[in-house]
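K.L.:
Dropping the structure in here first, questions after.
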Amino acid sequence: MDSAEYERKIAHRFAAFDQDGNGYIDRADFNAAAARLLTEFGTTARCDRGQSLYTGAEAFWQGMAGIADVDGDQRVTRQEFVGGAVKRLRDNPDRFAEIARPFLRAAISVAAGTDPEGTAPASAPVAAVERALRVLGAADDIASVAARSLDTDQDGRIAEADAVAAFSAYFTVIEPDA
């Protein structure tokens, strides 16, 4: 991958987190994503699923800030994202998966309409995950293809483990060719 392609991918991934488009990632971006998901699926913020989603969003933000907010201003700039987050994510994609897991688990639960504290691993219908991806900013065609590709066993549902692995792989950007 050349530098231009790498930069394009980084910019796209940064924009996915910068939900309000203000040029940096902060707690408000994670809360906005949670609020949009709750609205889309008719779930209240005060119910168990809503609380789990906001708790997961906060944990995700704290994890992201911990690996990327170099200057401690509670914002992750594009430069910090490229210099900190991307390098650390690439070096340890499993860590990123664990940072994202609580939010993804709760998002799947909201999309599925199930209890986030259930004993079985969370899963949601493909169509519900497609809706969630659109709400989070994916284009219609990309959301459709992505959701279908996450259904690895073709049972019509997307398991938490598959969503977490795909999310981590997507945000783990390889370096450009020298």
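Each chain in the structure tokens gets a letter, A, B and so on, in the order shown; residues start at 1 in every chain, and ligands are counted from 1 in the order they appear.
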Report as a PyMOL selection string all protein, DNA and RNA residues lying within 10 Å of Gly113 (chain A), evaluated on only C-alpha atoms, omitting residues in the same chain fewer than 2 positions from it.

P.N.:
chain A and resi 41-43+49+107-111+115-116+123-124+128

K.L.:
The selected residues should be written to file as a tab-separated table (two decimals), in the first residue's frame (atoms: all heavy atoms).

P.N.:
chain	number	residue	atom	x	y	z
A	41	PHE	N	-33.40	2.19	17.28
A	41	PHE	CA	-34.02	0.94	17.70
A	41	PHE	C	-35.09	1.13	18.77
A	41	PHE	O	-35.54	0.16	19.38
A	41	PHE	CB	-32.94	-0.06	18.13
A	41	PHE	CG	-32.12	-0.54	16.97
A	41	PHE	CD1	-30.89	0.03	16.70
A	41	PHE	CD2	-32.60	-1.52	16.12
A	41	PHE	CE1	-30.14	-0.39	15.61
A	41	PHE	CE2	-31.87	-1.94	15.03
A	41	PHE	CZ	-30.63	-1.37	14.77
A	42	GLY	N	-35.48	2.38	19.01
A	42	GLY	CA	-36.55	2.65	19.95
A	42	GLY	C	-36.26	2.19	21.35
A	42	GLY	O	-37.15	1.71	22.06
A	43	THR	N	-35.03	2.36	21.78
A	43	THR	CA	-34.61	1.92	23.10
A	43	THR	C	-34.32	3.15	23.96
A	43	THR	O	-33.67	4.08	23.50
A	43	THR	CB	-33.33	1.06	22.99
A	43	THR	OG1	-33.58	-0.01	22.07
A	43	THR	CG2	-32.91	0.50	24.33
A	49	ARG	N	-30.51	-2.05	28.46
A	49	ARG	CA	-29.76	-2.02	27.20
A	49	ARG	C	-29.18	-0.64	26.94
A	49	ARG	O	-28.04	-0.51	26.50
A	49	ARG	CB	-30.65	-2.45	26.04
A	49	ARG	CG	-30.95	-3.93	26.03
A	49	ARG	CD	-31.64	-4.37	24.75
A	49	ARG	NE	-32.78	-3.52	24.40
A	49	ARG	CZ	-34.04	-3.77	24.71
A	49	ARG	NH1	-34.34	-4.85	25.38
A	49	ARG	NH2	-34.99	-2.95	24.35
A	107	ALA	N	-24.26	-2.68	21.61
A	107	ALA	CA	-24.88	-2.28	20.35
A	107	ALA	C	-25.60	-3.46	19.71
A	107	ALA	O	-26.72	-3.31	19.19
A	107	ALA	CB	-23.83	-1.71	19.40
A	108	ILE	N	-25.01	-4.63	19.76
A	108	ILE	CA	-25.66	-5.83	19.23
A	108	ILE	C	-26.91	-6.14	20.03
A	108	ILE	O	-27.96	-6.49	19.48
A	108	ILE	CB	-24.68	-7.01	19.22
A	108	ILE	CG1	-23.65	-6.80	18.11
A	108	ILE	CG2	-25.40	-8.34	19.04
A	108	ILE	CD1	-22.49	-7.77	18.15
A	109	SER	N	-26.83	-5.98	21.33
A	109	SER	CA	-27.99	-6.20	22.19
A	109	SER	C	-29.12	-5.24	21.87
A	109	SER	O	-30.29	-5.63	21.78
A	109	SER	CB	-27.57	-6.07	23.65
A	109	SER	OG	-28.67	-6.24	24.49
A	110	VAL	N	-28.78	-3.96	21.67
A	110	VAL	CA	-29.80	-2.96	21.30
A	110	VAL	C	-30.41	-3.33	19.96
A	110	VAL	O	-31.63	-3.32	19.79
A	110	VAL	CB	-29.19	-1.54	21.28
A	110	VAL	CG1	-30.12	-0.55	20.59
A	110	VAL	CG2	-28.88	-1.08	22.70
A	111	ALA	N	-29.58	-3.67	18.99
A	111	ALA	CA	-30.08	-4.03	17.66
A	111	ALA	C	-30.95	-5.28	17.70
A	111	ALA	O	-31.95	-5.39	16.99
A	111	ALA	CB	-28.91	-4.24	16.69
A	115	ASP	N	-31.49	-8.74	26.21
A	115	ASP	CA	-30.84	-8.35	27.46
A	115	ASP	C	-29.33	-8.42	27.32
A	115	ASP	O	-28.78	-9.47	26.98
A	115	ASP	CB	-31.30	-9.30	28.57
A	115	ASP	CG	-30.65	-9.02	29.91
A	115	ASP	OD1	-29.98	-7.97	30.04
A	115	ASP	OD2	-30.80	-9.85	30.80
A	116	PRO	N	-28.60	-7.30	27.57
A	116	PRO	CA	-27.15	-7.32	27.42
A	116	PRO	C	-26.45	-8.18	28.46
A	116	PRO	O	-25.30	-8.55	28.29
A	116	PRO	CB	-26.75	-5.85	27.61
A	116	PRO	CG	-27.83	-5.28	28.44
A	116	PRO	CD	-29.09	-6.02	28.04
A	123	SER	N	-26.01	-11.85	19.85
A	123	SER	CA	-26.07	-11.89	18.39
A	123	SER	C	-27.29	-11.09	17.97
A	123	SER	O	-28.21	-10.87	18.75
A	123	SER	CB	-26.15	-13.33	17.87
A	123	SER	OG	-27.42	-13.91	18.17
A	124	ALA	N	-27.25	-10.62	16.73
A	124	ALA	CA	-28.35	-9.81	16.20
A	124	ALA	C	-28.60	-10.21	14.76
A	124	ALA	O	-27.70	-10.69	14.07
A	124	ALA	CB	-27.99	-8.33	16.28
A	128	ALA	N	-30.69	-6.00	11.25
A	128	ALA	CA	-30.56	-5.06	12.37
A	128	ALA	C	-29.14	-4.48	12.42
A	128	ALA	O	-28.95	-3.29	12.67
A	128	ALA	CB	-30.92	-5.74	13.69

K.L.:
Out of region 4-177 of chain A, which residues get alpha helix (DSSP H) from DSSP, as an MDAnalysis selection string?

P.N.:
chainID A and resid 4:17 27:40 48:68 78:80 87:91 93:112 126:135 140:150 160:171

K.L.:
Just the residues within 9 Å of Ala33 (chain A), please, counting only C-alpha atoms, with nothing from its chain fewer than 3 positions along; format it as a short mmCIF file (atom, residue, chain, number, x, y, z; two decimals) with all heavy atoms, in the first residue's frame.

P.N.:
data_model
loop_
_atom_site.label_atom_id
_atom_site.label_comp_id
_atom_site.auth_asym_id
_atom_site.auth_seq_id
_atom_site.Cartn_x
_atom_site.Cartn_y
_atom_site.Cartn_z
N PHE A 17 -14.95 7.62 13.59
CA PHE A 17 -15.03 7.94 15.01
C PHE A 17 -15.47 9.38 15.25
O PHE A 17 -16.16 9.66 16.23
CB PHE A 17 -13.68 7.73 15.70
CG PHE A 17 -13.38 6.29 16.00
CD1 PHE A 17 -12.33 5.65 15.36
CD2 PHE A 17 -14.12 5.59 16.92
CE1 PHE A 17 -12.04 4.33 15.64
CE2 PHE A 17 -13.84 4.27 17.21
CZ PHE A 17 -12.79 3.64 16.56
N GLN A 19 -17.77 11.48 14.86
CA GLN A 19 -19.18 11.45 14.48
C GLN A 19 -19.76 12.83 14.17
O GLN A 19 -20.64 12.95 13.33
CB GLN A 19 -20.01 10.79 15.59
CG GLN A 19 -19.71 9.32 15.79
CD GLN A 19 -20.42 8.46 14.78
OE1 GLN A 19 -21.63 8.46 14.69
NE2 GLN A 19 -19.65 7.71 14.01
N ALA A 28 -18.01 13.04 23.40
CA ALA A 28 -19.29 13.40 22.76
C ALA A 28 -19.54 12.56 21.51
O ALA A 28 -20.70 12.23 21.21
CB ALA A 28 -19.31 14.88 22.42
N ASP A 29 -18.50 12.22 20.78
CA ASP A 29 -18.68 11.38 19.59
C ASP A 29 -19.20 9.99 19.96
O ASP A 29 -20.09 9.45 19.30
CB ASP A 29 -17.36 11.25 18.82
CG ASP A 29 -16.92 12.55 18.19
OD1 ASP A 29 -17.73 13.19 17.50
OD2 ASP A 29 -15.75 12.94 18.40
N PHE A 30 -18.68 9.44 21.02
CA PHE A 30 -19.13 8.12 21.47
C PHE A 30 -20.55 8.18 22.02
O PHE A 30 -21.37 7.30 21.75
CB PHE A 30 -18.15 7.55 22.50
CG PHE A 30 -16.85 7.11 21.88
CD1 PHE A 30 -15.82 8.02 21.67
CD2 PHE A 30 -16.66 5.80 21.48
CE1 PHE A 30 -14.63 7.62 21.09
CE2 PHE A 30 -15.47 5.39 20.90
CZ PHE A 30 -14.45 6.31 20.70
N ARG A 36 -27.77 7.80 18.84
CA ARG A 36 -28.37 7.50 17.54
C ARG A 36 -28.82 6.04 17.46
O ARG A 36 -29.88 5.74 16.90
CB ARG A 36 -27.41 7.85 16.41
CG ARG A 36 -27.40 9.34 16.12
CD ARG A 36 -26.82 9.68 14.76
NE ARG A 36 -25.52 9.12 14.51
CZ ARG A 36 -24.38 9.59 15.02
NH1 ARG A 36 -24.38 10.64 15.80
NH2 ARG A 36 -23.23 9.02 14.73
N LEU A 37 -28.01 5.15 18.00
CA LEU A 37 -28.41 3.73 18.00
C LEU A 37 -29.67 3.52 18.83
O LEU A 37 -30.58 2.80 18.41
CB LEU A 37 -27.28 2.86 18.54
CG LEU A 37 -26.13 2.60 17.58
CD1 LEU A 37 -24.96 1.95 18.32
CD2 LEU A 37 -26.58 1.73 16.42
N LEU A 38 -29.73 4.14 19.99
CA LEU A 38 -30.91 3.99 20.84
C LEU A 38 -32.15 4.52 20.14
O LEU A 38 -33.21 3.88 20.17
CB LEU A 38 -30.70 4.69 22.18
CG LEU A 38 -29.65 4.07 23.09
CD1 LEU A 38 -29.46 4.92 24.34
CD2 LEU A 38 -30.00 2.63 23.46
N ALA A 57 -19.95 2.78 25.55
CA ALA A 57 -19.42 3.94 24.82
C ALA A 57 -18.37 4.64 25.67
O ALA A 57 -17.31 5.04 25.17
CB ALA A 57 -20.54 4.89 24.44
N VAL A 135 -26.75 3.86 10.72
CA VAL A 135 -26.92 4.90 11.74
C VAL A 135 -25.56 5.44 12.18
O VAL A 135 -25.43 6.63 12.46
CB VAL A 135 -27.70 4.33 12.95
CG1 VAL A 135 -27.61 5.24 14.15
CG2 VAL A 135 -29.15 4.11 12.57
N LEU A 136 -24.57 4.60 12.19
CA LEU A 136 -23.23 5.02 12.60
C LEU A 136 -22.43 5.66 11.47
O LEU A 136 -21.28 6.02 11.67
CB LEU A 136 -22.47 3.83 13.20
CG LEU A 136 -23.05 3.31 14.50
CD1 LEU A 136 -22.33 2.04 14.94
CD2 LEU A 136 -23.01 4.37 15.59
#

K.L.:
If you count only C-alpha atoms, which residues fall within 7 Å of region 60-63 of chain A, apart from same-chain ones fewer than 4 positions away, as a list in words?

P.N.:
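Listed by chain and then number, they are Arg27, Phe30, Gly56, Ile67, Ile99, Ala100 and Phe103 of chain A.
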
K.L.:
When DSSP works through the backbone of this structure, what residues of region 15-155 of chain A end up as strand (DSSP E), shown as JSON, numbers by chain?

P.N.:
{"A": [24, 25, 76, 77, 123, 124, 125]}

K.L.:
Tell me which protein, DNA and RNA residues are within 12 Å of Ala146 (chain A), counting only C-alpha atoms, leaving out same-chain ones fewer than 2 positions away, and put them as a list in words.

P.N.:
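Counting only C-alpha atoms, the residues come to Val126, Ala127, Val129, Glu130, Arg131, Ala132, Leu133, Arg134, Ala138, Ala139, Asp140, Asp141, Ile142, Ala143, Ser144, Arg148, Ser149, Leu150, Asp151, Thr152, Ile158, Asp162, Ala163, Ala166, Phe167 and Tyr170 of chain A.
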
K.L.:
For Gln74 (chain A), which of A:Ala122, A:Asp26, A:Ala147, A:Leu104 is the closest residue, counting only C-alpha atoms?

P.N.:
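Of all the options, A:Asp26 lies closest to Gln74 (chain A).
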
K.L.:
Would you mind reading off the distance between CA of Gly156 (chain A) and CA of His12 (chain A), one decimal, in Å?

P.N.:
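Taking CA of Gly156 (chain A) and CA of His12 (chain A), their separation equals 28.3 Å.
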
K.L.:
Looking at only C-alpha atoms, which of A:Leu53, A:Ala16, A:Ala169, A:Ala4 is the one that sits closest to Pro93 (chain A)?

P.N.:
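Closest to Pro93 (chain A), using only C-alpha atoms: A:Ala169.
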
K.L.:
Report the distance between CA of Thr114 (chain A) and CA of Cys47 (chain A) in Å, rounded to one decimal place.

P.N.:
11.4 Å

K.L.:
Could you jot down the CA of Tyr6 (chain A) to CA of Asp69 (chain A) separation for me, Å, one decimal place?

P.N.:
21.2 Å

K.L.:
Counting only C-alpha atoms, which of A:Gly72, A:Gly84, A:Pro102, A:Gly66 gets nearest to Ser52 (chain A)?

P.N.:
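The answer is A:Pro102, which sits nearest to Ser52 (chain A).
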
K.L.:
Considering only C-alpha atoms, return as a short mmCIF file (atom, residue, chain, number, x, y, z; two decimals) with N, CA, C and O atoms, in the first residue's frame whatever protein or nucleic-acid residues lie within 10 Å of Gln79 (chain A), sequence-local ones (same chain, fewer than 4 positions apart) excluded.

P.N.:
data_model
loop_
_atom_site.label_atom_id
_atom_site.label_comp_id
_atom_site.auth_asym_id
_atom_site.auth_seq_id
_atom_site.Cartn_x
_atom_site.Cartn_y
_atom_site.Cartn_z
N PHE A 14 -10.64 7.59 10.80
CA PHE A 14 -10.76 8.70 11.74
C PHE A 14 -12.16 9.30 11.66
O PHE A 14 -12.81 9.53 12.69
N TYR A 24 -11.90 16.23 15.62
CA TYR A 24 -11.29 15.44 16.69
C TYR A 24 -12.32 14.46 17.24
O TYR A 24 -13.52 14.60 17.04
N ALA A 68 -4.42 7.07 22.72
CA ALA A 68 -4.16 8.05 21.67
C ALA A 68 -4.09 9.50 22.12
O ALA A 68 -3.49 10.32 21.43
N ASP A 69 -4.71 9.86 23.23
CA ASP A 69 -4.73 11.26 23.65
C ASP A 69 -3.40 11.64 24.30
O ASP A 69 -3.27 11.66 25.51
N VAL A 70 -2.45 11.94 23.46
CA VAL A 70 -1.08 12.18 23.91
C VAL A 70 -0.97 13.39 24.83
O VAL A 70 -0.27 13.37 25.84
N GLY A 83 -0.70 8.89 14.79
CA GLY A 83 0.55 8.61 15.49
C GLY A 83 0.42 7.68 16.66
O GLY A 83 1.33 6.92 16.97
N GLY A 84 -0.70 7.73 17.34
CA GLY A 84 -0.86 6.93 18.55
C GLY A 84 -1.76 5.73 18.34
O GLY A 84 -1.32 4.58 18.42
N ALA A 85 -3.00 6.01 18.06
CA ALA A 85 -3.98 4.93 17.99
C ALA A 85 -3.65 3.92 16.91
O ALA A 85 -3.61 2.72 17.17
#
